[in-house]
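Colleague: The structure under discussion is supplied below as structure tokens; questions concerning it will follow.
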Amino acid sequence: MAGTAGTPGTPRVLRAMNDRAALDLLLEHGPLSRTRIGKLTGLSKPTASQLLARLEAAGLVRVTGTSEGRPGPNAQLYAVNPTAAYAAGLDVTPHRIRAAVADITGRTVGEYELPTPGRRPAHPVVQQVTDALDGAVKAAGLARDHVHRLVIGTPGAFDPGTGRLRYASHLPGWHSPTLLDELAAALPMPVEYENDVNLVAIAEQRLGAAQGHADFVLLWNEEGMGAALVLGGRLHRGWTGGAGEVGFLPVPGTPLVRQVTKANSGGYQELAGSQAVPKLARELGIEDVPSGPHTEAAAELLARAADHASGPHRELLATYATRLATGLASLVSVLDPELVVLSGSALTAGGEVLRALVQAELEELAAARPRLVVGDVREHPVLRGALESALATTRDEVFDTSH
């Protein structure tokens, strides 16, 4: 009968559910024998054998070896076929585009970084994106059309009504109302766009400090301040995608910033952004304040301060913790999350010492008492989140055997 393939409870749908359960177990545990898969899924040996034969014929699993060290004949071990599909991610900043390609198991197989210096891009954004993607694809030994899905992480967010990038005036070349259409025409795979801090939260939720938490706030501080809001296990993006743009938050301790989108700054950014750390260090009489990009200078100063038990370095850390807690108090008072994850180099550099100081200050400033933790995903967290997001959708599509 027409339409029965998608009807819950039909044999095809039940087989597809068992197939997906087995594939998820292989992703989680690595190579498994037929017997082990049967025990973990509750399937009989004949059913598990049929399942594995079906997945092997579909190119989704392959035999990777045999078990050893047990009585009786060695059993074949099955694993997800890493070449079943590939996904890609891009991390876009004003200075560079970092790209990576991962196979269906999540292993990164190719990376590339494209410098994009200057306020006026030397090449159109579409060319920058395709060049960065092609660099990662080439490093993986693949072609562009091998990539099943691409997720691009940028500061700010694309307005769903107009298609324009908002809250990121510092990202040159990305504000054309036709940009998304141009990228769709230039790329052969589906493309999704996500706020960079939201992608860090996805990485922490799936791989890091927020695993197992349905409600949490991630506070990010690198070139700019931002937050990701995860409620009921889902990202809260807001009406225009602007939820979490906490750098614009008015806070005590700084003058009101008017026309915040034109200034690309706000009270919380001025109070606790990474650019405030070198300035504060100088005010406290700290010598040899690092020069260069303020993000790197802030991270070095806070890492150095975490090693001091007293003196101006300790005062720097305590003052900065108070500034961070000032903005966080507003967030947790409204959202009441169970967890706050501190991420970005300007926060992780201070480590456990800074975290403890912020926790103590927050408990004085807010009635809500979330637990603060330092993020675990330190290496390219935006890019890792982009890959995790692209892989989740890719797996849903490729692992669906109900068709």
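Chain lettering (A, B, ...) mirrors the order of the structure tokens, residue numbering begins at 1 for each chain separately, and ligand numbering begins at 1 in order of display.
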For range 206-212 of chain A, please output as JSON, numbers by chain all residues within 12 Å (counting only C-alpha atoms; exclusion window: fewer than 5 positions along the same chain).
Modeller: {"A": [28, 106, 199, 200, 201, 217, 218, 228, 229, 230, 232, 233, 337, 338, 339, 340, 341, 342, 343, 371, 372, 373, 374, 375, 376, 377, 378, 379, 381, 384, 385, 386, 387, 388, 389, 391, 392]}
Colleague: Set the distance at 12 Å and use only C-alpha atoms: which residues neighbour His29 in chain A once local chain neighbours fewer than 6 positions away are removed? I'd like the list as a PDB file with N, CA and C atoms, in the first residue's frame.
Modeller:
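selection.pdb was written with the following content:
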ATOM      1  N   ALA A  22      22.287   0.345  15.778  1.00  0.00           N
ATOM      2  CA  ALA A  22      23.563  -0.350  15.627  1.00  0.00           C
ATOM      3  C   ALA A  22      24.650   0.603  15.150  1.00  0.00           C
ATOM      4  N   LEU A  23      24.320   1.471  14.205  1.00  0.00           N
ATOM      5  CA  LEU A  23      25.306   2.433  13.709  1.00  0.00           C
ATOM      6  C   LEU A  23      25.751   3.392  14.813  1.00  0.00           C
ATOM      7  N   ARG A  36      28.311  -8.979  20.124  1.00  0.00           N
ATOM      8  CA  ARG A  36      28.267  -7.801  20.999  1.00  0.00           C
ATOM      9  C   ARG A  36      27.177  -6.832  20.558  1.00  0.00           C
ATOM     10  N   ILE A  37      27.033  -6.640  19.256  1.00  0.00           N
ATOM     11  CA  ILE A  37      25.966  -5.759  18.757  1.00  0.00           C
ATOM     12  C   ILE A  37      24.603  -6.315  19.143  1.00  0.00           C
ATOM     13  N   LEU A  40      23.999  -5.571  22.839  1.00  0.00           N
ATOM     14  CA  LEU A  40      23.764  -4.149  23.127  1.00  0.00           C
ATOM     15  C   LEU A  40      22.423  -3.661  22.586  1.00  0.00           C
ATOM     16  N   LEU A  77      34.936  -8.309  13.342  1.00  0.00           N
ATOM     17  CA  LEU A  77      34.599  -7.030  13.957  1.00  0.00           C
ATOM     18  C   LEU A  77      34.107  -6.075  12.871  1.00  0.00           C
ATOM     19  N   TYR A  78      33.021  -5.406  13.186  1.00  0.00           N
ATOM     20  CA  TYR A  78      32.412  -4.466  12.246  1.00  0.00           C
ATOM     21  C   TYR A  78      32.570  -3.036  12.761  1.00  0.00           C
ATOM     22  N   ALA A  79      32.738  -2.109  11.829  1.00  0.00           N
ATOM     23  CA  ALA A  79      32.845  -0.687  12.169  1.00  0.00           C
ATOM     24  C   ALA A  79      32.117   0.120  11.099  1.00  0.00           C
ATOM     25  N   VAL A  80      31.745   1.348  11.472  1.00  0.00           N
ATOM     26  CA  VAL A  80      31.149   2.245  10.492  1.00  0.00           C
ATOM     27  C   VAL A  80      32.163   2.514   9.387  1.00  0.00           C
ATOM     28  N   THR A 105      32.591   9.176  10.657  1.00  0.00           N
ATOM     29  CA  THR A 105      32.878   8.794  12.040  1.00  0.00           C
ATOM     30  C   THR A 105      33.245   9.996  12.899  1.00  0.00           C
TER      31      THR A 105
END
Colleague: Excluding Thr83 in chain A and its own-chain neighbours fewer than 6 positions away, which residues fall within 10 Å of it when counting only C-alpha atoms? Please give them as a ChimeraX atom specification.
Modeller: /A:59-61,102-105,146
Colleague: Taking only C-alpha atoms into account, which of A:Gln76, A:Leu90, A:Lys39, A:Pro121 comes nearest Val137 in chain A?
Modeller: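 Counting only C-alpha atoms, the residue closest to Val137 in chain A is A:Leu90.
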Colleague: Just the residues within 10 Å of Glu364 in chain A, please, counting only C-alpha atoms, with nothing from its chain fewer than 5 positions along; format it as a list in words.
Modeller: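 That gives Ala325, Ala329, Val358, Gln359 and Arg369 of chain A.
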Colleague: Just N, CA, C and O atoms for this one: save the residues we selected as a PDB file, in the first residue's frame.
Modeller:
ATOM      1  N   ALA A 325      31.396  38.427  36.329  1.00  0.00           N
ATOM      2  CA  ALA A 325      30.217  38.057  37.112  1.00  0.00           C
ATOM      3  C   ALA A 325      29.118  39.104  37.002  1.00  0.00           C
ATOM      4  O   ALA A 325      27.931  38.770  37.103  1.00  0.00           O
ATOM      5  N   ALA A 329      25.483  37.778  35.996  1.00  0.00           N
ATOM      6  CA  ALA A 329      24.387  37.860  36.960  1.00  0.00           C
ATOM      7  C   ALA A 329      23.061  38.140  36.265  1.00  0.00           C
ATOM      8  O   ALA A 329      22.020  37.593  36.637  1.00  0.00           O
ATOM      9  N   VAL A 358      35.107  33.816  39.721  1.00  0.00           N
ATOM     10  CA  VAL A 358      33.841  34.214  39.096  1.00  0.00           C
ATOM     11  C   VAL A 358      32.666  33.530  39.807  1.00  0.00           C
ATOM     12  O   VAL A 358      31.632  34.147  40.062  1.00  0.00           O
ATOM     13  N   GLN A 359      32.834  32.253  40.140  1.00  0.00           N
ATOM     14  CA  GLN A 359      31.773  31.530  40.848  1.00  0.00           C
ATOM     15  C   GLN A 359      31.431  32.207  42.170  1.00  0.00           C
ATOM     16  O   GLN A 359      30.254  32.418  42.492  1.00  0.00           O
ATOM     17  N   ARG A 369      22.068  29.958  41.381  1.00  0.00           N
ATOM     18  CA  ARG A 369      23.382  29.423  41.730  1.00  0.00           C
ATOM     19  C   ARG A 369      23.810  28.334  40.742  1.00  0.00           C
ATOM     20  O   ARG A 369      23.919  27.161  41.088  1.00  0.00           O
TER      21      ARG A 369
END
Colleague: Among the residues of range 130-355 of chain A, find those DSSP assigns to strand (DSSP E or B) from the backbone and print them as a PyMOL selection string.
Modeller: chain A and resi 147-154+157-158+165-166+191-195+216-221+225-231+234-235+339-343
Colleague: Determine the nearest neighbour of Val125 in chain A from the options A:Leu317, A:Ala87, A:Val246, A:Leu183, counting only C-alpha atoms.
Modeller: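 Ranked by minimum distance to Val125 in chain A, first place goes to A:Leu183.
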Colleague: What are the DSSP alpha helix (DSSP H) residues of range 109-164 of chain A, as a PDB file with C-alpha atoms, in the first residue's frame?
Modeller:
ATOM      1  CA  VAL A 125      33.429  36.243  -0.082  1.00  0.00           C
ATOM      2  CA  VAL A 126      32.145  33.492  -2.358  1.00  0.00           C
ATOM      3  CA  GLN A 127      35.662  32.925  -3.661  1.00  0.00           C
ATOM      4  CA  GLN A 128      37.086  33.016  -0.136  1.00  0.00           C
ATOM      5  CA  VAL A 129      34.625  30.347   0.999  1.00  0.00           C
ATOM      6  CA  THR A 130      35.196  28.082  -1.989  1.00  0.00           C
ATOM      7  CA  ASP A 131      38.979  28.491  -1.762  1.00  0.00           C
ATOM      8  CA  ALA A 132      38.979  27.599   1.939  1.00  0.00           C
ATOM      9  CA  LEU A 133      36.692  24.613   1.407  1.00  0.00           C
ATOM     10  CA  ASP A 134      38.686  23.400  -1.578  1.00  0.00           C
ATOM     11  CA  GLY A 135      41.887  23.642   0.442  1.00  0.00           C
ATOM     12  CA  ALA A 136      40.487  21.333   3.131  1.00  0.00           C
ATOM     13  CA  VAL A 137      38.960  18.996   0.542  1.00  0.00           C
ATOM     14  CA  LYS A 138      42.290  18.742  -1.295  1.00  0.00           C
ATOM     15  CA  ALA A 139      44.109  18.061   1.982  1.00  0.00           C
TER      16      ALA A 139
END
Colleague: Hey, what's within 9 Å of Gly38 in chain A if we count only C-alpha atoms and toss same-chain stuff fewer than 3 positions away? As a list in words, please?
Modeller: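 What passes the distance filter is Ala22, Ser33, Arg34, Thr35, Thr41, Gly42, Leu43, Ser44, Lys45, Thr47, Ala48 and Ser49 of chain A.
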Colleague: If you count only C-alpha atoms, which residues fall within 9 Å of His175 in chain A, apart from same-chain ones fewer than 3 positions away, as a list in words?
Modeller: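 With the cut-off at 9 Å, the set is Gly163, Arg164, Leu165, Arg166, Ala168, Ser169, Leu171, Pro172, Thr178 and Leu179 of chain A.
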Colleague: Give me the residues near Ala390 in chain A as a VMD selection string, where near means some atom within 8 Å (using only C-alpha atoms) and where sequence neighbours in that chain fewer than 3 positions away do not count.
Modeller: chain A and resid 87 to 89 149 to 151 386 to 387 393 to 394
Colleague: Which of these, A:Leu27, A:Ala84, A:Leu271, A:Ala276, has the shortest distance to Thr322 in chain A once you count only C-alpha atoms?
Modeller: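 Smallest separation from Thr322 in chain A among the options: A:Leu271.
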Colleague: Of the candidates A:Arg54, A:Lys262, A:His294, A:Arg62, which shows the shortest atom-to-atom distance to Gln275 in chain A, using only C-alpha atoms?
Modeller: A:His294
Colleague: I need the residue nearest Thr154 in chain A from this list: A:Thr64, A:Val382, A:Ser310, A:Asp19. Use only C-alpha atoms for the distance.
Modeller: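 Using only C-alpha atoms, Thr154 in chain A sits closest to A:Val382.
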